[in-house]
>>> print(open('protein.tsv').read())   # TSV, C-alpha atoms
chain	number	residue	atom	x	y	z
A	136	MET	CA	0.00	0.00	0.00
A	137	ALA	CA	1.23	3.50	-0.78
A	138	ALA	CA	2.54	5.75	1.93
A	139	ILE	CA	0.00	7.65	3.98
A	140	SER	CA	-1.67	10.36	1.91
A	141	ASN	CA	-1.77	14.01	2.92
A	142	HIS	CA	-5.55	13.70	3.31
A	143	LEU	CA	-5.25	10.78	5.74
A	144	ALA	CA	-2.40	12.42	7.59
A	145	ALA	CA	-4.58	15.47	8.24
A	146	PHE	CA	-7.51	13.25	9.17
A	147	THR	CA	-5.40	11.19	11.58
A	148	ALA	CA	-4.03	14.30	13.27
A	149	ALA	CA	-7.54	15.68	13.68
A	150	ALA	CA	-8.92	12.40	15.01
A	151	MET	CA	-6.10	11.97	17.52
A	152	ALA	CA	-6.68	15.54	18.72
A	153	LEU	CA	-10.10	14.56	20.05
A	154	PRO	CA	-10.27	15.56	23.72
A	155	GLY	CA	-9.57	12.50	25.80
A	156	VAL	CA	-7.35	10.89	23.13
A	157	HIS	CA	-3.68	11.51	23.84
A	158	LEU	CA	-0.69	10.61	21.72
A	159	ARG	CA	1.91	8.58	23.56
A	160	ALA	CA	5.28	10.26	23.97
A	161	ALA	CA	6.93	8.07	21.35
A	162	GLU	CA	4.42	9.22	18.72
A	163	LEU	CA	5.96	12.68	18.58
A	164	PRO	CA	7.05	13.72	15.06
A	165	ALA	CA	10.71	14.03	14.18
A	166	PRO	CA	12.46	17.28	15.23
A	167	SER	CA	12.73	18.53	11.64
A	168	ALA	CA	8.92	18.45	11.44
A	169	ASN	CA	8.24	19.62	14.98
A	170	PRO	CA	9.10	23.17	16.14
A	171	PHE	CA	9.31	24.23	19.75
A	172	SER	CA	5.88	23.65	21.33
A	173	PHE	CA	4.22	24.58	24.59
A	174	TYR	CA	1.03	23.28	26.20
A	175	GLY	CA	-0.61	24.90	29.18
A	176	SER	CA	-3.78	23.38	30.65
A	177	HIS	CA	-6.19	23.68	33.56
A	178	LEU	CA	-8.46	20.81	34.63
A	179	ASP	CA	-11.29	21.10	37.13
A	180	TYR	CA	-12.84	17.86	38.45
A	181	SER	CA	-15.74	17.63	40.89
A	182	GLU	CA	-18.09	15.01	42.37
A	183	SER	CA	-21.70	15.45	43.43
A	184	GLY	CA	-22.74	15.60	47.09
A	185	ASN	CA	-19.91	17.96	48.09
A	186	ARG	CA	-17.38	15.18	47.56
A	187	MET	CA	-13.94	15.48	46.02
A	188	HIS	CA	-12.87	18.55	44.05
A	189	VAL	CA	-9.57	18.55	42.15
A	190	ARG	CA	-7.90	21.41	40.28
A	191	VAL	CA	-4.88	20.62	38.10
A	192	ASN	CA	-2.54	23.06	36.35
A	193	GLU	CA	-0.02	21.58	33.94
A	194	VAL	CA	2.60	22.78	31.48
A	195	THR	CA	4.42	20.71	28.85
A	196	ALA	CA	7.18	21.82	26.50
A	197	THR	CA	9.05	20.11	23.67
A	198	ALA	CA	12.20	21.40	22.00
A	199	PRO	CA	14.14	19.88	19.06
A	200	ILE	CA	17.89	19.48	19.48
A	201	GLY	CA	19.63	18.78	16.20
A	202	ASP	CA	18.01	16.67	13.52
A	203	ASN	CA	17.15	13.56	15.51
A	204	PHE	CA	16.48	14.42	19.14
A	205	LEU	CA	13.46	15.94	20.88
A	206	LEU	CA	13.59	17.13	24.50
A	207	VAL	CA	10.34	16.87	26.50
A	208	GLY	CA	9.51	18.33	29.92
A	209	ASP	CA	6.31	18.40	31.98
A	210	ALA	CA	5.27	19.88	35.33
A	211	LEU	CA	1.94	19.88	37.16
A	212	ARG	CA	0.40	20.90	40.44
A	213	ASP	CA	-2.97	19.70	41.66
A	214	VAL	CA	-5.01	20.68	44.71
A	215	ILE	CA	-7.50	18.22	46.22
A	216	SER	CA	-10.28	19.18	48.62
A	217	GLY	CA	-13.71	18.03	49.76
A	218	ALA	CA	-15.15	14.92	51.38
A	219	SER	CA	-14.48	11.25	50.67
A	220	PRO	CA	-16.26	8.02	51.73
A	221	ILE	CA	-14.32	6.08	54.39
A	222	PHE	CA	-16.69	3.20	55.24
A	223	ASN	CA	-20.27	1.96	55.02
A	224	ALA	CA	-22.35	1.80	58.21
A	225	PRO	CA	-25.58	-0.08	58.91
A	226	GLY	CA	-28.73	1.98	59.37
A	227	PRO	CA	-32.49	1.60	59.83
A	228	ASN	CA	-33.03	1.93	56.07
A	229	GLY	CA	-29.99	-0.10	55.03
A	230	PRO	CA	-26.28	0.75	54.66
A	231	HIS	CA	-25.15	4.34	54.24
A	232	GLN	CA	-21.81	5.95	53.48
A	233	VAL	CA	-19.81	7.72	56.17
A	234	LEU	CA	-17.75	10.57	54.72
A	235	THR	CA	-14.68	12.34	56.02
A	236	GLY	CA	-16.48	15.67	56.00
A	237	ALA	CA	-15.20	18.52	53.85
A	238	SER	CA	-11.80	18.36	55.54
A	239	VAL	CA	-9.61	16.66	52.93
A	240	ASN	CA	-7.04	19.12	51.60
A	241	ASP	CA	-3.86	18.08	49.85
A	242	THR	CA	-1.48	19.32	47.18
A	243	ARG	CA	0.55	17.28	44.73
A	244	ASN	CA	3.56	18.45	42.74
A	245	ALA	CA	4.81	16.30	39.89
A	246	GLY	CA	7.01	16.52	36.84
A	247	ASP	CA	9.08	14.58	34.38
A	248	ILE	CA	11.79	15.14	31.83
A	249	GLY	CA	12.95	13.02	28.94
A	250	GLY	CA	13.72	12.82	25.30
A	251	THR	CA	13.03	11.01	22.06
A	252	VAL	CA	15.75	9.95	19.65
A	253	PHE	CA	14.92	9.25	15.98
A	254	PHE	CA	17.17	7.02	13.88
A	255	GLY	CA	17.31	4.63	10.94
A	256	ASP	CA	16.21	5.09	7.34
A	257	ASN	CA	13.79	8.02	7.12
A	258	LEU	CA	13.94	8.20	10.93
A	259	ALA	CA	11.64	5.17	11.06
A	260	ASN	CA	12.70	4.19	14.59
A	261	GLN	CA	11.99	6.08	17.81
A	262	VAL	CA	13.05	5.50	21.41
A	263	THR	CA	11.73	7.66	24.24
A	264	VAL	CA	13.02	7.69	27.82
A	265	ARG	CA	11.37	9.74	30.57
A	266	GLN	CA	12.01	10.14	34.29
A	267	GLY	CA	9.28	11.45	36.57
A	268	TRP	CA	8.63	12.42	40.17
A	269	SER	CA	5.51	13.04	42.23
A	270	HIS	CA	5.17	14.18	45.84
A	271	GLU	CA	2.38	15.01	48.28
A	272	ASN	CA	2.05	14.89	52.06
A	273	ASP	CA	1.29	11.17	52.25
A	274	TYR	CA	2.48	9.81	48.91
A	275	LYS	CA	5.72	9.97	46.96
A	276	SER	CA	6.65	8.34	43.68
A	277	THR	CA	9.48	8.09	41.19
A	278	TRP	CA	9.02	6.46	37.81
A	279	THR	CA	10.88	5.71	34.61
A	280	SER	CA	9.37	4.88	31.24
A	281	ILE	CA	10.94	3.56	28.05
A	282	GLU	CA	9.08	3.35	24.75
A	283	GLY	CA	10.13	2.16	21.34
A	284	ARG	CA	8.33	2.62	18.05
A	285	ARG	CA	9.07	1.36	14.54
A	286	PHE	CA	7.37	2.34	11.28
A	287	LEU	CA	7.02	-0.28	8.55
A	288	ASN	CA	5.49	-0.55	5.08
A	289	GLN	CA	6.19	3.09	4.25
A	290	LYS	CA	4.71	4.05	7.63
A	291	ASP	CA	1.42	2.26	6.99
A	292	THR	CA	2.20	0.00	9.97
A	293	THR	CA	3.50	1.09	13.37
A	294	LEU	CA	4.77	-1.30	16.05
A	295	ALA	CA	5.19	-0.07	19.62
A	296	VAL	CA	6.47	-1.45	22.90
A	297	GLY	CA	6.82	0.26	26.26
A	298	PHE	CA	7.86	-0.29	29.89
A	299	ALA	CA	7.24	1.80	33.00
A	300	PHE	CA	8.70	1.30	36.48
A	301	ASN	CA	7.19	2.99	39.56
A	302	ASP	CA	8.61	2.99	43.08
A	303	ASP	CA	6.18	4.57	45.56
A	304	GLY	CA	5.83	5.28	49.24
A	305	VAL	CA	2.48	5.53	51.06
A	306	SER	CA	1.88	7.04	54.50
A	307	THR	CA	-1.00	8.76	56.35
A	308	HIS	CA	-1.60	12.23	57.75
A	309	ASP	CA	-1.38	10.72	61.25
A	310	ALA	CA	2.04	9.13	60.56
A	311	PRO	CA	3.52	11.18	57.71
A	312	ASP	CA	7.04	9.76	58.10
A	313	ASP	CA	6.00	6.09	58.12
A	314	PHE	CA	6.11	5.34	54.38
A	315	LYS	CA	5.13	1.86	53.23
A	316	THR	CA	6.62	0.56	49.97
A	317	ARG	CA	4.71	-0.06	46.77
A	318	ILE	CA	6.17	-0.93	43.37
A	319	ARG	CA	4.47	-1.12	39.99
A	320	ARG	CA	5.67	-2.45	36.65
A	321	ASP	CA	3.75	-1.75	33.41
A	322	TYR	CA	4.32	-3.35	30.00
A	323	PHE	CA	2.73	-2.27	26.72
A	324	VAL	CA	2.69	-3.59	23.13
A	325	GLY	CA	0.63	-2.24	20.27
A	326	VAL	CA	0.20	-2.08	16.53
A	327	THR	CA	-1.40	0.58	14.36
A	328	GLN	CA	-2.40	-0.28	10.79
A	329	ILE	CA	-3.63	2.08	8.10
A	330	ILE	CA	-6.45	0.28	6.31
A	331	ASP	CA	-7.00	2.76	3.49
A	332	GLU	CA	-6.83	6.51	2.97
A	333	ARG	CA	-9.91	6.99	5.17
A	334	SER	CA	-9.40	4.65	8.11
A	335	LEU	CA	-6.97	2.99	10.50
A	336	ILE	CA	-7.09	0.56	13.41
A	337	GLU	CA	-5.01	0.25	16.57
A	338	VAL	CA	-4.78	-2.68	18.98
A	339	SER	CA	-2.82	-2.63	22.22
A	340	LEU	CA	-2.20	-4.99	25.12
A	341	GLU	CA	-1.08	-3.83	28.58
A	342	TYR	CA	0.02	-5.81	31.60
A	343	SER	CA	0.59	-4.34	35.05
A	344	TYR	CA	2.13	-5.92	38.15
A	345	THR	CA	1.91	-4.17	41.53
A	346	ASN	CA	3.50	-5.38	44.77
A	347	GLY	CA	3.71	-4.09	48.33
A	348	TYR	CA	1.30	-2.04	50.40
A	349	LEU	CA	-1.85	-1.87	48.25
A	350	SER	CA	-4.46	-1.13	50.94
A	351	ASP	CA	-5.93	2.35	51.34
A	352	PRO	CA	-4.77	3.73	54.72
A	353	TYR	CA	-7.82	6.03	54.92
A	354	LYS	CA	-10.51	3.40	54.30
A	355	LEU	CA	-12.26	1.29	56.95
A	356	VAL	CA	-14.71	-1.63	56.87
A	357	PHE	CA	-17.61	-2.27	59.23
A	358	VAL	CA	-17.71	-5.79	60.65
A	359	GLN	CA	-20.89	-6.60	62.59
A	360	SER	CA	-19.16	-8.86	65.12
A	361	THR	CA	-16.11	-6.67	65.84
A	362	GLY	CA	-16.76	-3.12	64.67
A	363	LEU	CA	-14.45	-1.09	62.42
A	364	LEU	CA	-11.29	-2.62	60.91
A	365	PRO	CA	-8.66	-1.12	58.59
A	366	ASP	CA	-8.93	-1.71	54.85
A	367	ALA	CA	-6.88	-4.83	53.98
A	368	ARG	CA	-6.07	-5.93	50.41
A	369	PRO	CA	-3.73	-8.50	48.84
A	370	GLY	CA	-0.06	-7.62	48.58
A	371	GLN	CA	0.05	-8.33	44.83
A	372	ARG	CA	-2.09	-7.29	41.89
A	373	ARG	CA	-1.84	-8.40	38.26
A	374	GLN	CA	-3.90	-6.55	35.65
A	375	THR	CA	-4.28	-7.17	31.92
A	376	ALA	CA	-6.08	-4.88	29.46
A	377	LEU	CA	-6.84	-5.19	25.75
A	378	THR	CA	-7.85	-2.05	23.82
A	379	GLY	CA	-8.94	-1.57	20.22
A	380	LYS	CA	-9.42	1.76	18.41
A	381	TYR	CA	-10.95	2.39	15.02
A	382	LEU	CA	-10.73	5.75	13.25
A	383	THR	CA	-12.54	6.49	10.01
A	384	TYR	CA	-13.54	9.46	7.89
A	385	LEU	CA	-17.21	9.70	6.91
A	386	PRO	CA	-17.45	11.72	3.68
A	387	GLY	CA	-21.25	11.85	3.81
A	388	ILE	CA	-21.13	14.14	6.86
A	389	ASP	CA	-17.53	15.30	6.42
A	390	SER	CA	-16.60	14.09	9.90
A	391	ALA	CA	-14.17	11.78	11.69
A	392	LEU	CA	-15.55	8.90	13.75
A	393	GLN	CA	-13.61	7.25	16.56
A	394	THR	CA	-14.65	4.13	18.46
A	395	VAL	CA	-12.71	2.63	21.37
A	396	ALA	CA	-13.43	-0.69	23.08
A	397	SER	CA	-11.52	-2.21	25.99
A	398	LEU	CA	-11.59	-5.26	28.24
A	399	SER	CA	-9.58	-5.74	31.42
A	400	THR	CA	-9.20	-8.28	34.20
A	401	ASP	CA	-7.11	-8.79	37.31
A	402	ASN	CA	-6.42	-11.38	40.01
A	403	TRP	CA	-8.57	-9.42	42.47
A	404	GLY	CA	-11.67	-10.51	40.58
A	405	ILE	CA	-12.39	-7.18	38.89
A	406	HIS	CA	-13.43	-7.67	35.26
A	407	ALA	CA	-14.23	-4.51	33.34
A	408	GLY	CA	-15.32	-3.39	29.89
A	409	ALA	CA	-15.78	-0.02	28.19
A	410	PHE	CA	-17.05	1.27	24.87
A	411	GLU	CA	-16.69	4.84	23.62
A	412	VAL	CA	-17.84	6.65	20.48
A	413	GLN	CA	-16.87	10.17	19.44
A	414	LEU	CA	-17.61	12.20	16.31
A	415	LYS	CA	-15.51	15.16	15.25
A	416	LYS	CA	-16.28	17.77	12.61
A	417	GLU	CA	-14.46	20.79	11.18
A	418	LEU	CA	-16.42	24.03	10.84
A	419	PRO	CA	-15.65	27.24	8.94
A	420	GLY	CA	-13.31	29.66	10.67
A	421	GLU	CA	-10.92	26.90	11.81
A	422	TRP	CA	-13.25	25.52	14.47
A	423	LEU	CA	-13.33	21.84	15.44
A	424	ILE	CA	-16.13	20.34	17.51
A	425	ASN	CA	-16.59	16.86	18.91
A	426	GLY	CA	-19.17	14.94	20.91
A	427	GLY	CA	-19.82	11.41	22.03
A	428	GLY	CA	-20.45	9.03	24.88
A	429	ARG	CA	-18.91	6.22	26.92
A	430	TYR	CA	-20.23	3.20	28.80
A	431	TYR	CA	-18.18	1.42	31.48
A	432	THR	CA	-18.93	-1.55	33.73
A	433	GLN	CA	-16.97	-3.63	36.21
A	434	SER	CA	-17.49	-6.51	38.63
A	435	SER	CA	-16.42	-6.29	42.27
A	436	ALA	CA	-13.21	-7.47	43.88
A	437	HIS	CA	-13.56	-10.89	45.54
A	438	PHE	CA	-12.72	-9.37	48.95
A	439	TYR	CA	-15.24	-6.51	48.66
A	440	ASP	CA	-18.56	-6.28	50.47
A	441	VAL	CA	-20.81	-3.43	51.54
A	442	LEU	CA	-20.80	-4.70	55.17
A	443	PHE	CA	-19.22	-7.75	56.77
A	444	GLN	CA	-20.90	-10.00	59.35
A	445	THR	CA	-17.62	-11.52	60.58
A	446	PRO	CA	-13.96	-10.95	59.66
A	447	PRO	CA	-13.02	-12.99	56.53
A	448	ALA	CA	-10.77	-15.96	57.29
A	449	ASP	CA	-8.07	-14.77	54.88
A	450	GLY	CA	-7.91	-11.34	56.54
A	451	LEU	CA	-8.77	-9.49	53.31
A	452	HIS	CA	-11.66	-7.02	53.27
A	453	THR	CA	-12.61	-3.69	51.72
A	454	SER	CA	-15.73	-1.56	51.34
A	455	ASP	CA	-14.03	0.95	49.04
A	456	TYR	CA	-16.60	1.99	46.42
A	457	ARG	CA	-13.90	1.77	43.74
A	458	MET	CA	-13.64	-1.97	44.40
A	459	ALA	CA	-17.44	-2.49	44.14
A	460	ALA	CA	-19.43	-3.61	41.12
A	461	PHE	CA	-20.78	-0.60	39.23
A	462	GLY	CA	-21.37	0.87	35.81
A	463	SER	CA	-21.31	4.36	34.39
A	464	ILE	CA	-22.49	6.29	31.37
A	465	ALA	CA	-20.92	9.55	30.25
A	466	TRP	CA	-21.23	12.24	27.65
A	467	ILE	CA	-18.18	13.89	26.11
A	468	ALA	CA	-17.95	17.23	24.29
A	469	GLY	CA	-15.24	19.56	23.10
A	470	VAL	CA	-14.33	22.46	20.85
A	471	THR	CA	-10.99	23.59	19.42
A	472	LYS	CA	-10.25	26.98	17.87
A	473	GLN	CA	-7.14	27.82	15.85
A	474	LEU	CA	-6.53	31.37	17.07
A	475	THR	CA	-3.48	32.12	14.92
A	476	PRO	CA	-1.05	29.97	12.91
A	477	ASN	CA	0.92	29.50	16.15
A	478	PHE	CA	-1.78	29.31	18.83
A	479	SER	CA	-4.81	27.10	19.38
A	480	LEU	CA	-7.27	26.83	22.28
A	481	GLN	CA	-9.16	23.69	23.25
A	482	PHE	CA	-12.02	23.17	25.67
A	483	SER	CA	-13.35	19.73	26.58
A	484	ALA	CA	-15.84	18.48	29.16
A	485	GLN	CA	-17.20	15.20	30.46
A	486	ARG	CA	-20.04	14.28	32.78
A	487	SER	CA	-20.32	10.72	34.07
A	488	TYR	CA	-23.19	9.08	35.97
A	489	ARG	CA	-22.11	6.18	38.19
A	490	TYR	CA	-24.89	3.68	38.94
A	491	TYR	CA	-24.78	0.42	40.85
A	492	ALA	CA	-27.64	-0.85	38.66
A	493	LEU	CA	-25.38	-0.69	35.55
A	494	ARG	CA	-22.86	-3.14	37.03
A	495	SER	CA	-21.68	-6.31	35.31
A	496	GLY	CA	-21.97	-8.40	38.50
A	497	GLY	CA	-21.05	-8.62	42.16
A	498	PRO	CA	-21.95	-6.73	45.36
A	499	GLY	CA	-22.36	-3.00	45.61
A	500	TYR	CA	-25.23	-0.72	46.54
A	501	GLY	CA	-27.08	2.43	45.56
A	502	GLY	CA	-25.41	4.57	48.22
A	503	ASP	CA	-22.29	4.55	46.07
A	504	ASN	CA	-24.08	6.28	43.18
A	505	TYR	CA	-22.82	9.75	42.34
A	506	ILE	CA	-22.06	12.06	39.40
A	507	TRP	CA	-18.64	13.32	38.46
A	508	SER	CA	-17.69	15.91	35.87
A	509	PHE	CA	-14.68	17.79	34.62
A	510	TYR	CA	-13.68	20.44	32.16
A	511	LEU	CA	-10.24	20.90	30.59
A	512	VAL	CA	-8.87	24.04	28.95
A	513	THR	CA	-5.64	23.74	26.94
A	514	LEU	CA	-3.61	26.42	25.17
A	515	GLN	CA	-1.10	25.17	22.59
A	516	ALA	CA	1.68	27.23	21.07
A	517	GLN	CA	4.18	26.25	18.35
A	518	PHE	CA	7.10	28.28	17.07
>>> encode(input="protein.tsv", output="structure tokens")
Amino acid sequence: MAAISNHLAAFTAAAMALPGVHLRAAELPAPSANPFSFYGSHLDYSESGNRMHVRVNEVTATAPIGDNFLLVGDALRDVISGASPIFNAPGPNGPHQVLTGASVNDTRNAGDIGGTVFFGDNLANQVTVRQGWSHENDYKSTWTSIEGRRFLNQKDTTLAVGFAFNDDGVSTHDAPDDFKTRIRRDYFVGVTQIIDERSLIEVSLEYSYTNGYLSDPYKLVFVQSTGLLPDARPGQRRQTALTGKYLTYLPGIDSALQTVASLSTDNWGIHAGAFEVQLKKELPGEWLINGGGRYYTQSSAHFYDVLFQTPPADGLHTSDYRMAAFGSIAWIAGVTKQLTPNFSLQFSAQRSYRYYALRSGGPGYGGDNYIWSFYLVTLQAQF
């Protein structure tokens, strides 16, 4: 098949620019085709019922060095506040959540630096290495990622492989210096294939292994026979996820359609699936708009229950709503405006409705239902 056409290249760039779809670091274009760029963004996330509220400010910059190296740097700061569920308690009308009260307040600072080297015929090979750090009052993390990418068949086929290594420490506000160790190892392989000048498909497989202190130090469980006990989870977790993406141009409505489907499973008993559809259209005046929806469902962890009658024999128990069976539906919308040849502004928003009744199977209950939403504003500059 011939090399990717200019029409498909423009279509692919537009489709991948859909809010919520992010290029991996190793997908950056070669330095000769990529000037200095800067991204500044603000994200605001909130949950219904006066629960968690998160504000994130982030800046990212890329700078070419020579003909085959691209330097990348990123820094962010987020502020978390609001209330969070800590356990479920029995009541006259059934279980109910007990929240922390609007007293949670924490700040996280994070950043990373790295680079991509391009080599081989027509710079068809890429290797990206990044080193990152993250720190807050009760959590610290260092991570390293390595990604490789190779273009074949005149760039109609792309093969990718990646590794990420996290070393974390977890403590509590009550014992801020008592950090417990947690490590995580992530592995990724993927292939992208151009089908024709109007469509392409991408398939990826990810495997994650986590070891160490995996319980949540702020969560409790209610046991009828003994009262409250600390959250206790296995010391290992293995997760596998398969994701497929399909991008196509629809000439009848002059729009790009993206569909994403994923399946995941882990040794904790959580099996999840998601399906997302987005449509993107160019409008006069260099405006781009997009809209779509997403459905997600998961089963519960095998050591989860809303309430416990007696302590489990294996000592594992959680009532964390994130470990429960639930489903969610969401709408997605966004708009991008090319302000000048060098500047563009993007706004995107999502609103998700979490319902126990949409679950794929396992325990959970209606008290966990809530709505979360976020908006993201991004300014991009290229010189």
>>> atom_distance(input="protein.tsv", atom1="atom CA of Ala460 of chain A", atom2="atom CA of Ile405 of chain A")
8.2 Å
>>> residues_around(input="protein.tsv", residues="segment 340-342 of chain A", least_positions_apart="5", cutoff="6 Å", atoms="all atoms listed in the file", output="ChimeraX atom specification")
/A:321-324,374-377
>>> atom_distance(input="protein.tsv", atom1="atom CA of Arg320 of chain A", atom2="atom CA of Tyr348 of chain A")
14.4 Å
>>> atom_distance(input="protein.tsv", atom1="atom CA of Lys380 of chain A", atom2="atom CA of Thr292 of chain A")
14.5 Å
>>> closest_residue(input="protein.tsv", among="A:Ser495, A:Thr361, A:Ser390, A:Thr378", to="His406 of chain A", atoms="only C-alpha atoms")
A:Ser495
>>> closest_atom_pairs(input="protein.tsv", of="segment 220-290 of chain A", to="segment 200-206 of chain A", cutoff="7 Å", atoms="all atoms listed in the file", output="Markdown table")
| residue | atom | partner | partner_atom | distance |
| --- | --- | --- | --- | --- |
| A:Gly249 | CA | A:Leu206 | CA | 6.1 |
| A:Gly250 | CA | A:Leu206 | CA | 4.4 |
| A:Thr251 | CA | A:Leu205 | CA | 5.1 |
| A:Val252 | CA | A:Phe204 | CA | 4.6 |
| A:Phe253 | CA | A:Asn203 | CA | 4.9 |
| A:Phe254 | CA | A:Asn203 | CA | 6.7 |
>>> closest_residue(input="protein.tsv", among="A:Arg285, A:Arg494, A:His308, A:Lys472", to="Asn272 of chain A", atoms="only C-alpha atoms")
A:His308
>>> closest_residue(input="protein.tsv", among="A:Gln328, A:Asn425, A:Gln517, A:Thr383", to="Phe482 of chain A", atoms="all atoms listed in the file")
A:Asn425
>>> closest_atom_pairs(input="protein.tsv", of="segment 429-465 of chain A", to="segment 217-236 of chain A", cutoff="12 Å", atoms="all atoms listed in the file", output="CSV")
residue,atom,partner,partner_atom,distance
A:Tyr439,CA,A:Asn223,CA,11.7
A:Asp440,CA,A:Asn223,CA,9.6
A:Val441,CA,A:Asn223,CA,6.4
A:Leu442,CA,A:Asn223,CA,6.7
A:Phe443,CA,A:Asn223,CA,9.9
A:Gln444,CA,A:Pro225,CA,11.0
A:His452,CA,A:Phe222,CA,11.6
A:Thr453,CA,A:Phe222,CA,8.7
A:Ser454,CA,A:Phe222,CA,6.2
A:Asp455,CA,A:Phe222,CA,7.1
A:Tyr456,CA,A:Pro220,CA,8.0
A:Arg457,CA,A:Pro220,CA,10.4
>>> residues_around(input="protein.tsv", residues="Thr475 of chain A", least_positions_apart="5", cutoff="10 Å", atoms="only C-alpha atoms", output="ChimeraX atom specification")
/A:421,480,516
>>> residues_around(input="protein.tsv", residues="Thr293 of chain A", least_positions_apart="2", cutoff="7 Å", atoms="only C-alpha atoms", output="list in words")
Arg284, Arg285, Phe286, Leu287, Lys290, Asp291, Ala295, Val326, Thr327 and Gln328 of chain A
>>> write_last_selection(input="protein.tsv", atoms="C-alpha atoms", output="PDB file, keeping the file's coordinate frame")
ATOM      1  CA  ARG A 284       8.330   2.620  18.050  1.00  0.00           C
ATOM      2  CA  ARG A 285       9.070   1.360  14.540  1.00  0.00           C
ATOM      3  CA  PHE A 286       7.370   2.340  11.280  1.00  0.00           C
ATOM      4  CA  LEU A 287       7.020  -0.280   8.550  1.00  0.00           C
ATOM      5  CA  LYS A 290       4.710   4.050   7.630  1.00  0.00           C
ATOM      6  CA  ASP A 291       1.420   2.260   6.990  1.00  0.00           C
ATOM      7  CA  ALA A 295       5.190  -0.070  19.620  1.00  0.00           C
ATOM      8  CA  VAL A 326       0.200  -2.080  16.530  1.00  0.00           C
ATOM      9  CA  THR A 327      -1.400   0.580  14.360  1.00  0.00           C
ATOM     10  CA  GLN A 328      -2.400  -0.280  10.790  1.00  0.00           C
TER      11      GLN A 328
END
>>> residues_near_point(input="protein.tsv", point="(6.4, 16.8, 46.8)", cutoff="12 Å", atoms="all atoms listed in the file", output="list of chain:residue names")
A:Ala210, A:Leu211, A:Arg212, A:Asp213, A:Asp241, A:Thr242, A:Arg243, A:Asn244, A:Ala245, A:Gly246, A:Gly267, A:Trp268, A:Ser269, A:His270, A:Glu271, A:Asn272, A:Asp273, A:Tyr274, A:Lys275, A:Ser276, A:Thr277, A:Gly304
>>> residues_around(input="protein.tsv", residues="Tyr180 of chain A", least_positions_apart="2", cutoff="6 Å", atoms="all atoms listed in the file", output="list of chain:residue names")
A:His188, A:Val189, A:Ser508, A:Phe509
>>> closest_residue(input="protein.tsv", among="A:Leu474, A:Ile215, A:Glu182, A:Leu335", to="Asp503 of chain A", atoms="all atoms listed in the file")
A:Glu182
>>> residues_around(input="protein.tsv", residues="Ile506 of chain A", least_positions_apart="5", cutoff="12 Å", atoms="all atoms listed in the file", output="MDAnalysis selection string")
chainID A and resid 180:187 462:466 485:490
>>> build_atoms(input="protein.tsv", residues="segment 420-431 of chain A", atoms="N, CA and C atoms", output="mmCIF file, in the coordinates of the input")
data_model
loop_
_atom_site.group_PDB
_atom_site.id
_atom_site.type_symbol
_atom_site.label_atom_id
_atom_site.label_comp_id
_atom_site.auth_asym_id
_atom_site.auth_seq_id
_atom_site.Cartn_x
_atom_site.Cartn_y
_atom_site.Cartn_z
ATOM 1 N N GLY A 420 -13.979 28.800 9.686
ATOM 2 C CA GLY A 420 -13.310 29.660 10.670
ATOM 3 C C GLY A 420 -12.325 28.918 11.530
ATOM 4 N N GLU A 421 -11.885 27.720 11.085
ATOM 5 C CA GLU A 421 -10.920 26.900 11.810
ATOM 6 C C GLU A 421 -11.409 26.519 13.206
ATOM 7 N N TRP A 422 -12.673 26.093 13.261
ATOM 8 C CA TRP A 422 -13.250 25.520 14.470
ATOM 9 C C TRP A 422 -13.357 24.024 14.311
ATOM 10 N N LEU A 423 -13.117 23.282 15.391
ATOM 11 C CA LEU A 423 -13.330 21.840 15.440
ATOM 12 C C LEU A 423 -14.230 21.535 16.631
ATOM 13 N N ILE A 424 -15.250 20.730 16.414
ATOM 14 C CA ILE A 424 -16.130 20.340 17.510
ATOM 15 C C ILE A 424 -16.191 18.826 17.585
ATOM 16 N N ASN A 425 -16.440 18.296 18.761
ATOM 17 C CA ASN A 425 -16.590 16.860 18.910
ATOM 18 C C ASN A 425 -17.621 16.557 19.993
ATOM 19 N N GLY A 426 -18.217 15.388 19.906
ATOM 20 C CA GLY A 426 -19.170 14.940 20.910
ATOM 21 C C GLY A 426 -19.293 13.437 20.869
ATOM 22 N N GLY A 427 -19.682 12.853 21.992
ATOM 23 C CA GLY A 427 -19.820 11.410 22.030
ATOM 24 C C GLY A 427 -20.227 10.924 23.401
ATOM 25 N N GLY A 428 -20.070 9.629 23.614
ATOM 26 C CA GLY A 428 -20.450 9.030 24.880
ATOM 27 C C GLY A 428 -19.616 7.807 25.199
ATOM 28 N N ARG A 429 -19.683 7.367 26.461
ATOM 29 C CA ARG A 429 -18.910 6.220 26.920
ATOM 30 C C ARG A 429 -19.744 5.411 27.910
ATOM 31 N N TYR A 430 -19.624 4.098 27.813
ATOM 32 C CA TYR A 430 -20.230 3.200 28.800
ATOM 33 C C TYR A 430 -19.135 2.362 29.430
ATOM 34 N N TYR A 431 -19.188 2.202 30.748
ATOM 35 C CA TYR A 431 -18.180 1.420 31.480
ATOM 36 C C TYR A 431 -18.889 0.547 32.503
#
